[in-house]
file final-v1.cif (mmCIF, C-alpha atoms)
data_model
loop_
_atom_site.label_atom_id
_atom_site.label_comp_id
_atom_site.auth_asym_id
_atom_site.auth_seq_id
_atom_site.Cartn_x
_atom_site.Cartn_y
_atom_site.Cartn_z
CA MET M 188 6.52 121.78 91.42
CA ALA M 189 4.67 119.47 93.82
CA ASP M 190 5.29 116.51 91.52
CA LYS M 191 9.01 117.26 91.45
CA LEU M 192 9.14 117.31 95.22
CA VAL M 193 7.26 114.04 95.59
CA THR M 194 9.03 112.07 92.86
CA PRO M 195 12.40 111.44 94.65
CA GLY M 196 10.67 110.06 97.73
CA MET M 197 8.33 107.91 95.67
CA ARG M 198 11.26 106.49 93.73
CA GLY M 199 12.91 105.49 96.98
CA VAL M 200 9.92 103.51 98.28
CA PRO M 201 10.27 100.55 95.85
CA PHE M 202 13.98 100.35 96.64
CA ILE M 203 13.31 100.23 100.39
CA LEU M 204 10.65 97.57 99.86
CA CYS M 205 13.14 95.54 97.81
CA LEU M 206 15.72 95.85 100.59
CA ILE M 207 13.20 94.69 103.18
CA ALA M 208 12.16 91.77 100.98
CA ALA M 209 15.81 90.78 100.42
CA ALA M 210 16.50 90.97 104.17
CA ALA M 211 13.44 88.82 104.88
CA VAL M 212 14.55 86.20 102.33
CA ILE M 213 18.09 86.12 103.75
CA PHE M 214 16.80 85.71 107.30
CA ALA M 215 14.34 83.01 106.22
CA CYS M 216 17.18 81.12 104.50
CA GLY M 217 19.21 81.33 107.70
CA LYS M 218 16.31 79.94 109.72
CA TRP M 219 15.91 77.15 107.17
CA ILE M 220 19.60 76.24 107.35
CA ASN M 221 19.32 76.36 111.16
CA ASN M 222 23.06 76.52 111.77
CA SER M 223 24.50 78.72 114.52
CA TYR M 224 27.77 79.31 112.69
CA ALA M 225 25.91 80.50 109.58
CA PHE M 226 24.29 83.26 111.65
CA PHE M 227 27.58 84.19 113.32
CA ALA M 228 29.38 84.42 109.95
CA ALA M 229 26.52 86.24 108.23
CA TYR M 230 26.36 88.75 111.09
CA VAL M 231 30.00 89.68 110.48
CA VAL M 232 29.45 90.19 106.74
CA VAL M 233 26.34 92.33 107.25
CA GLN M 234 28.13 94.30 109.98
CA TYR M 235 30.88 95.12 107.50
CA ILE M 236 28.30 96.23 104.94
CA VAL M 237 27.01 98.73 107.50
CA LEU M 238 30.52 99.83 108.51
CA GLY M 239 31.71 100.13 104.93
CA THR M 240 28.64 102.11 103.88
CA ALA M 241 29.03 104.42 106.88
CA TRP M 242 32.67 105.05 105.98
CA ASN M 243 31.70 105.55 102.33
CA ILE M 244 29.37 108.44 103.22
CA LEU M 245 32.34 110.48 104.42
CA GLY M 246 35.25 108.89 102.56
CA GLY M 247 33.61 107.98 99.25
CA TYR M 248 30.94 110.62 98.76
CA THR M 249 32.68 113.57 100.44
CA GLY M 250 36.33 112.62 99.93
CA TYR M 251 37.39 112.87 103.58
CA VAL M 252 39.30 109.73 104.58
CA ASN M 253 38.47 108.65 108.13
CA PHE M 254 41.05 106.52 109.97
CA GLY M 255 39.14 106.76 113.26
CA VAL M 256 36.57 104.06 112.51
CA THR M 257 37.32 102.19 115.73
CA ALA M 258 36.56 105.28 117.83
CA PHE M 259 32.95 105.52 116.60
CA PHE M 260 32.51 101.75 116.52
CA ALA M 261 33.75 101.38 120.10
CA ILE M 262 31.60 104.27 121.32
CA GLY M 263 28.55 102.34 120.16
CA ALA M 264 29.82 99.10 121.71
CA TYR M 265 30.70 100.60 125.09
CA SER M 266 27.47 102.59 125.26
CA THR M 267 25.74 99.20 125.21
CA VAL M 268 27.96 98.02 128.07
CA VAL M 269 26.99 101.08 130.10
CA LEU M 270 23.28 100.70 129.38
CA HIS M 271 23.43 96.98 130.12
CA LYS M 272 24.84 97.73 133.57
CA LEU M 273 22.44 100.56 134.32
CA VAL M 274 19.25 99.15 132.75
CA PRO M 275 19.71 95.40 132.09
CA ALA M 276 16.16 94.99 130.76
CA LEU M 277 16.52 97.72 128.12
CA PRO M 278 15.75 96.35 124.62
CA LEU M 279 18.74 96.04 122.34
CA PRO M 280 17.24 98.21 119.53
CA ILE M 281 17.08 101.11 122.02
CA MET M 282 20.74 100.50 122.89
CA VAL M 283 21.61 100.56 119.19
CA LEU M 284 19.79 103.86 118.77
CA VAL M 285 21.54 105.38 121.81
CA GLY M 286 24.94 104.19 120.56
CA GLY M 287 24.27 105.74 117.17
CA ILE M 288 23.23 109.06 118.72
CA LEU M 289 26.34 109.25 120.92
CA ALA M 290 28.68 108.32 118.05
CA GLY M 291 26.87 110.80 115.79
CA LEU M 292 27.41 113.58 118.32
CA VAL M 293 31.11 112.71 118.47
CA GLY M 294 31.15 112.77 114.67
CA LEU M 295 29.52 116.19 114.72
CA GLY M 296 32.10 117.43 117.20
CA THR M 297 34.91 115.94 115.14
CA GLY M 298 33.65 117.68 112.03
CA TYR M 299 33.30 120.99 113.84
CA LEU M 300 36.79 120.85 115.40
CA THR M 301 38.48 119.82 112.16
CA LEU M 302 36.74 122.22 109.78
CA ARG M 303 39.98 123.79 108.63
CA LEU M 304 41.74 120.45 108.14
CA ARG M 305 41.71 118.82 104.74
CA GLY M 306 43.27 115.79 103.15
CA VAL M 307 45.87 113.95 105.15
CA PHE M 308 45.60 116.38 108.06
CA PHE M 309 41.95 115.46 108.60
CA SER M 310 42.86 111.75 108.43
CA ILE M 311 45.56 112.20 111.07
CA ALA M 312 43.06 114.02 113.30
CA THR M 313 40.60 111.10 113.09
CA LEU M 314 43.40 108.67 113.90
CA ALA M 315 44.25 110.77 116.96
CA LEU M 316 40.57 110.65 117.95
CA ALA M 317 40.70 106.85 117.99
CA VAL M 318 43.76 106.92 120.25
CA VAL M 319 42.12 109.38 122.64
CA VAL M 320 38.87 107.39 122.87
CA GLN M 321 40.76 104.13 123.42
CA THR M 322 42.84 105.70 126.19
CA LEU M 323 39.73 107.02 127.93
CA ILE M 324 37.90 103.70 127.77
CA THR M 325 40.97 101.73 128.86
CA ASN M 326 41.09 103.82 132.04
CA TRP M 327 37.32 103.79 132.71
CA ASP M 328 36.71 101.21 135.43
CA PHE M 329 32.91 101.29 135.10
CA VAL M 330 33.11 99.54 131.71
CA GLY M 331 35.88 97.21 132.84
CA GLY M 332 38.86 99.31 131.80
CA ALA M 333 41.74 97.26 130.48
CA ARG M 334 40.25 94.11 132.06
CA GLY M 335 37.15 94.21 129.88
CA ALA M 336 33.52 93.49 130.74
CA TYR M 337 31.19 90.53 130.35
CA VAL M 338 27.78 90.97 128.75
CA LEU M 339 25.85 87.71 128.90
CA ARG M 340 23.23 87.44 126.21
CA PRO M 341 19.88 85.71 126.87
CA ARG M 342 19.58 82.11 125.79
CA VAL M 343 16.39 82.67 123.80
CA ALA M 344 15.85 85.50 121.35
CA PRO M 345 12.88 87.77 122.00
CA LEU M 346 9.98 87.88 119.53
CA ILE M 347 11.39 85.32 117.09
CA GLY M 348 12.50 82.54 119.45
CA GLY M 349 15.57 80.43 118.72
CA GLU M 350 19.13 81.35 119.60
CA TYR M 351 19.97 84.93 120.49
CA VAL M 352 22.48 85.22 117.64
CA GLN M 353 19.53 85.03 115.25
CA TYR M 354 18.06 88.09 116.93
CA LEU M 355 21.41 89.90 116.63
CA PHE M 356 21.56 89.04 112.94
CA LEU M 357 18.00 90.29 112.42
CA ILE M 358 18.83 93.62 114.08
CA MET M 359 21.94 94.01 111.94
CA LEU M 360 19.91 93.21 108.83
CA GLY M 361 17.42 95.90 109.76
CA LEU M 362 20.25 98.36 110.33
CA CYS M 363 21.70 97.38 106.95
CA VAL M 364 18.39 98.24 105.27
CA VAL M 365 18.36 101.67 106.93
CA VAL M 366 21.98 102.45 106.04
CA LEU M 367 21.72 101.32 102.42
CA ALA M 368 18.48 103.21 101.89
CA THR M 369 20.11 106.34 103.33
CA ALA M 370 23.22 105.96 101.17
CA ARG M 371 21.21 105.50 97.98
CA SER M 372 18.98 108.47 98.75
CA ILE M 373 22.08 110.60 99.33
CA GLU M 374 23.49 109.59 95.94
CA ARG M 375 20.33 110.72 94.15
CA SER M 376 19.74 113.98 96.01
CA ALA M 377 21.09 117.50 96.17
CA LEU M 378 22.95 116.45 99.31
CA GLY M 379 24.87 113.87 97.29
CA TYR M 380 25.75 116.43 94.62
CA GLY M 381 27.03 118.74 97.35
CA PHE M 382 29.17 115.93 98.78
CA ALA M 383 30.54 115.23 95.30
CA ALA M 384 31.37 118.91 94.81
CA ILE M 385 33.38 118.89 98.04
CA ARG M 386 35.14 115.72 96.99
CA ASP M 387 36.09 117.06 93.56
CA ASP M 388 37.20 120.57 94.57
CA GLU M 389 36.17 122.03 97.90
CA ALA M 390 37.49 125.52 97.13
CA ALA M 391 35.55 125.66 93.89
CA ALA M 392 32.45 124.36 95.67
CA GLU M 393 32.68 127.15 98.24
CA ALA M 394 33.12 129.73 95.49
CA SER M 395 30.02 128.35 93.78
CA GLY M 396 27.91 128.83 96.88
CA VAL M 397 27.86 125.21 98.12
CA PRO M 398 27.41 125.21 101.95
CA THR M 399 30.50 123.11 102.52
CA LEU M 400 30.54 123.64 106.29
CA ARG M 401 27.02 122.34 106.78
CA LEU M 402 27.51 119.44 104.38
CA LYS M 403 30.71 118.29 106.07
CA LEU M 404 29.00 118.33 109.45
CA ILE M 405 26.13 116.28 108.03
CA ALA M 406 28.58 113.77 106.54
CA THR M 407 30.62 113.34 109.73
CA THR M 408 27.47 113.01 111.83
CA LEU M 409 25.82 110.43 109.59
CA SER M 410 29.01 108.44 109.15
CA GLY M 411 29.86 108.42 112.85
CA GLY M 412 26.29 107.64 113.88
CA PHE M 413 26.00 104.61 111.61
CA MET M 414 29.39 103.31 112.76
CA GLY M 415 28.24 103.58 116.36
CA MET M 416 25.05 101.71 115.55
CA ALA M 417 27.09 98.96 113.87
CA GLY M 418 29.17 98.58 117.03
CA ALA M 419 26.30 98.67 119.55
CA PRO M 420 25.33 94.95 119.29
CA LEU M 421 28.97 93.83 119.56
CA PRO M 422 29.00 93.16 123.35
CA TYR M 423 26.09 90.73 122.96
CA TYR M 424 27.82 89.10 120.00
CA VAL M 425 31.20 88.50 121.66
CA THR M 426 29.86 88.39 125.29
CA TYR M 427 33.21 89.76 126.49
CA LEU M 428 34.39 93.18 125.41
CA ASP M 429 37.81 94.66 126.12
CA PRO M 430 39.75 97.50 124.43
CA THR M 431 41.67 95.02 122.29
CA SER M 432 38.53 93.61 120.68
CA GLY M 433 36.55 96.85 120.67
CA PHE M 434 39.36 98.77 118.96
CA SER M 435 40.50 95.89 116.76
CA LEU M 436 42.46 96.83 113.66
CA ASN M 437 40.14 94.56 111.65
CA TYR M 438 37.30 97.07 111.87
CA ALA M 439 39.42 100.02 110.77
CA VAL M 440 41.05 98.18 107.86
CA ASN M 441 37.93 96.41 106.62
CA ALA M 442 35.75 99.53 106.81
CA ILE M 443 38.14 101.18 104.36
CA ALA M 444 39.04 98.12 102.29
CA MET M 445 35.52 97.02 101.46
CA PRO M 446 34.30 100.28 99.87
CA LEU M 447 37.65 100.66 98.13
CA ILE M 448 37.53 97.14 96.70
CA GLY M 449 33.82 97.22 95.89
CA GLY M 450 33.79 100.82 94.65
CA MET M 451 33.80 104.10 96.54
CA GLY M 452 31.11 106.68 95.90
CA SER M 453 28.46 104.03 95.22
CA TRP M 454 26.03 102.37 97.63
CA VAL M 455 26.64 99.05 95.86
CA GLY M 456 30.41 99.14 96.44
CA PRO M 457 30.43 98.32 100.18
CA ILE M 458 28.04 95.41 99.58
CA VAL M 459 30.28 93.89 96.92
CA GLY M 460 33.41 94.45 98.98
CA ALA M 461 31.89 93.11 102.21
CA VAL M 462 30.54 89.95 100.61
CA LEU M 463 33.82 89.30 98.79
CA VAL M 464 36.33 90.22 101.51
CA GLY M 465 34.17 89.35 104.53
CA GLY M 466 33.22 85.99 103.09
CA LEU M 467 36.83 85.19 102.23
CA GLN M 468 38.00 86.22 105.69
CA GLU M 469 35.41 84.04 107.41
CA TYR M 470 36.45 81.08 105.26
CA LEU M 471 40.14 81.60 106.05
CA ARG M 472 39.37 82.15 109.73
CA VAL M 473 37.84 78.69 109.93
CA THR M 474 40.28 76.87 107.66
CA ILE M 475 43.57 78.62 108.51
CA SER M 476 43.61 81.36 111.17
CA SER M 477 41.90 84.63 112.05
CA ALA M 478 45.35 86.26 112.05
CA VAL M 479 45.29 86.44 108.23
CA ASN M 480 42.19 88.68 108.11
CA VAL M 481 44.06 91.98 108.03
CA LEU M 482 46.64 90.52 105.63
CA VAL M 483 43.90 89.50 103.18
CA ALA M 484 42.27 92.93 103.28
CA GLY M 485 45.64 94.69 102.90
CA VAL M 486 46.74 92.59 99.93
CA LEU M 487 43.40 93.03 98.16
CA MET M 488 43.51 96.79 98.75
CA VAL M 489 46.96 97.03 97.15
CA VAL M 490 45.86 94.90 94.19
CA PHE M 491 42.70 96.90 93.53
CA VAL M 492 44.42 100.26 93.94
CA ILE M 493 46.79 99.19 91.15
CA VAL M 494 44.43 97.24 88.89
CA ALA M 495 41.05 98.90 89.49
CA PRO M 496 41.28 102.17 91.46
CA GLN M 497 37.51 102.68 91.12
CA GLY M 498 36.79 99.23 92.56
CA ILE M 499 34.77 96.38 91.11
CA VAL M 500 31.69 98.54 90.50
CA GLY M 501 33.76 101.20 88.75
CA LEU M 502 35.48 98.55 86.65
CA PHE M 503 32.18 97.17 85.38
CA GLN M 504 30.79 100.66 84.75
CA ARG M 505 33.86 101.58 82.72
CA LYS M 506 33.64 98.43 80.61
CA ARG M 507 29.93 98.94 80.02
#
call {"tool": "encode", "arguments": {"input": "final-v1.cif", "output": "structure tokens"}}
result
Amino acid sequence: MADKLVTPGMRGVPFILCLIAAAAVIFACGKWINNSYAFFAAYVVVQYIVLGTAWNILGGYTGYVNFGVTAFFAIGAYSTVVLHKLVPALPLPIMVLVGGILAGLVGLGTGYLTLRLRGVFFSIATLALAVVVQTLITNWDFVGGARGAYVLRPRVAPLIGGEYVQYLFLIMLGLCVVVLATARSIERSALGYGFAAIRDDEAAAEASGVPTLRLKLIATTLSGGFMGMAGAPLPYYVTYLDPTSGFSLNYAVNAIAMPLIGGMGSWVGPIVGAVLVGGLQEYLRVTISSAVNVLVAGVLMVVFVIVAPQGIVGLFQRKR
């Protein structure tokens, strides 16, 4: 029995070490290239990996589609604005943790208040949550309200030296390791099987004794918390945060599009989708215009829903 309890954790250690090694290699390559734009573009792609994985925990594993991505993302971003004004010297990793906790609590509350809602009704409720949060922040003068707020980042990154964007990218890489390790451990655990049971048939899962209430609360809390953590560094990245940028449609669309295109219900799917869609968007943003970002994601979503509903990962699995 003891061996059975230890085995899952031991199997996860090599994977985490591989993630850390991959993150270290990616960061070292960025330092070797020594190009500011490369770090800015890579930050966006890694941010979308975190966002897409966070959405996938609730939407892909549990089957509850969340249209309120911007609410949790903005909670993390504006918590950093508040902390920056109250305690300017507070380290950014602490701000990220606080943003994740606040967004996770909102996710827990959302799950608790929408327990009886399923399918499209739950999705509408999350969309309403985004509208409510945006209205509150727009009318909150302490964080700038509709005018927005400036958050000036230091010129030199702490610990590693160089430009501050390198530090932001390193933090997002570390967050990516945590989120991917969590998603993979969920897939290979009893928690993941419970999520899958809810996704396939919630009524049958309840009849079989699956604690659907507790599992849904765990899913909404984890998903919301990781989205908040993904949004926490945003004020230092953009240096000026207003409701338009904090609640941008890009975040909501891409968080759904990337797992859908890469493959929902798999920890690999958001990575594939983020690298493909995020990389293409960054290329088009530089060569054409940033206005085509949502168009690209929308067109690719339609194509993959028709051609490969299970995404790229599902397509390869089916062929194999």
call {"tool": "closest_residue", "arguments": {"input": "final-v1.cif", "among": "M:Leu295, M:Leu346, M:Leu436, M:Val268", "to": "Asp328 (chain M)", "atoms": "only C-alpha atoms"}}
result
M:Val268
call {"tool": "closest_atom_pairs", "arguments": {"input": "final-v1.cif", "of": "region 300-377 of chain M", "to": "region 234-244 of chain M", "cutoff": "8 Å", "atoms": "all atoms listed in the file", "output": "Markdown table"}}
result
| residue | atom | partner | partner_atom | distance |
| --- | --- | --- | --- | --- |
| M:Met359 | CA | M:Gln234 | CA | 6.5 |
| M:Leu362 | CA | M:Val237 | CA | 7.3 |
| M:Cys363 | CA | M:Val237 | CA | 5.5 |
| M:Val366 | CA | M:Val237 | CA | 6.4 |
| M:Leu367 | CA | M:Thr240 | CA | 7.1 |
| M:Ala370 | CA | M:Ile244 | CA | 6.9 |
call {"tool": "closest_residue", "arguments": {"input": "final-v1.cif", "among": "M:Asn222, M:Ile458, M:Thr399, M:Glu393", "to": "Leu378 (chain M)", "atoms": "all atoms listed in the file"}}
result
M:Thr399
call {"tool": "closest_residue", "arguments": {"input": "final-v1.cif", "among": "M:Ala312, M:Ile203, M:Val252, M:Leu289", "to": "Phe413 (chain M)", "atoms": "all atoms listed in the file"}}
result
M:Leu289
call {"tool": "residues_around", "arguments": {"input": "final-v1.cif", "residues": "Val486 (chain M)", "least_positions_apart": "3", "cutoff": "12 Å", "atoms": "only C-alpha atoms", "output": "PDB file with C-alpha atoms, in the coordinates of the input"}}
result
ATOM      1  CA  VAL M 440      41.050  98.180 107.860  1.00  0.00           C
ATOM      2  CA  ASN M 441      37.930  96.410 106.620  1.00  0.00           C
ATOM      3  CA  ALA M 444      39.040  98.120 102.290  1.00  0.00           C
ATOM      4  CA  ILE M 448      37.530  97.140  96.700  1.00  0.00           C
ATOM      5  CA  VAL M 464      36.330  90.220 101.510  1.00  0.00           C
ATOM      6  CA  VAL M 479      45.290  86.440 108.230  1.00  0.00           C
ATOM      7  CA  ASN M 480      42.190  88.680 108.110  1.00  0.00           C
ATOM      8  CA  VAL M 481      44.060  91.980 108.030  1.00  0.00           C
ATOM      9  CA  LEU M 482      46.640  90.520 105.630  1.00  0.00           C
ATOM     10  CA  VAL M 483      43.900  89.500 103.180  1.00  0.00           C
ATOM     11  CA  VAL M 489      46.960  97.030  97.150  1.00  0.00           C
ATOM     12  CA  VAL M 490      45.860  94.900  94.190  1.00  0.00           C
ATOM     13  CA  PHE M 491      42.700  96.900  93.530  1.00  0.00           C
ATOM     14  CA  VAL M 492      44.420 100.260  93.940  1.00  0.00           C
ATOM     15  CA  ILE M 493      46.790  99.190  91.150  1.00  0.00           C
TER      16      ILE M 493
END
call {"tool": "closest_residue", "arguments": {"input": "final-v1.cif", "among": "M:Thr474, M:Ala211, M:Phe254, M:Leu400", "to": "Ile311 (chain M)", "atoms": "all atoms listed in the file"}}
result
M:Phe254
call {"tool": "closest_residue", "arguments": {"input": "final-v1.cif", "among": "M:Val293, M:Ala392, M:Leu304, M:Ala484", "to": "Ala442 (chain M)", "atoms": "all atoms listed in the file"}}
result
M:Ala484
call {"tool": "atom_distance", "arguments": {"input": "final-v1.cif", "atom1": "CA of Lys403 (chain M)", "atom2": "CA of Phe382 (chain M)"}}
result
7.8 Å
call {"tool": "residues_near_point", "arguments": {"input": "final-v1.cif", "point": "(36.3, 111.4, 104.3)", "cutoff": "9 Å", "atoms": "all atoms listed in the file", "output": "ChimeraX atom specification"}}
result
/M:242-254,306,309-310,386,406-407
call {"tool": "atom_distance", "arguments": {"input": "final-v1.cif", "atom1": "CA of Gly415 (chain M)", "atom2": "CA of Gly349 (chain M)"}}
result
26.5 Å
call {"tool": "resolve_selection", "arguments": {"input": "final-v1.cif", "expression": "the PyMOL selection byres ((chain M and resi 422-424) around 10)", "output": "ChimeraX atom specification"}}
result
/M:227,230-231,263-268,271,279,336-341,351-352,355-356,418-421,425-429,432-433
call {"tool": "atom_distance", "arguments": {"input": "final-v1.cif", "atom1": "CA of Arg472 (chain M)", "atom2": "CA of Met414 (chain M)"}}
result
23.6 Å
call {"tool": "closest_residue", "arguments": {"input": "final-v1.cif", "among": "M:Gly452, M:Gly331, M:Gly217, M:Pro280", "to": "Asp387 (chain M)", "atoms": "all atoms listed in the file"}}
result
M:Gly452
call {"tool": "residues_around", "arguments": {"input": "final-v1.cif", "residues": "Gly466 (chain M)", "least_positions_apart": "6", "cutoff": "9 Å", "atoms": "all atoms listed in the file", "output": "PyMOL selection string"}}
result
chain M and resi 228-229+231-232
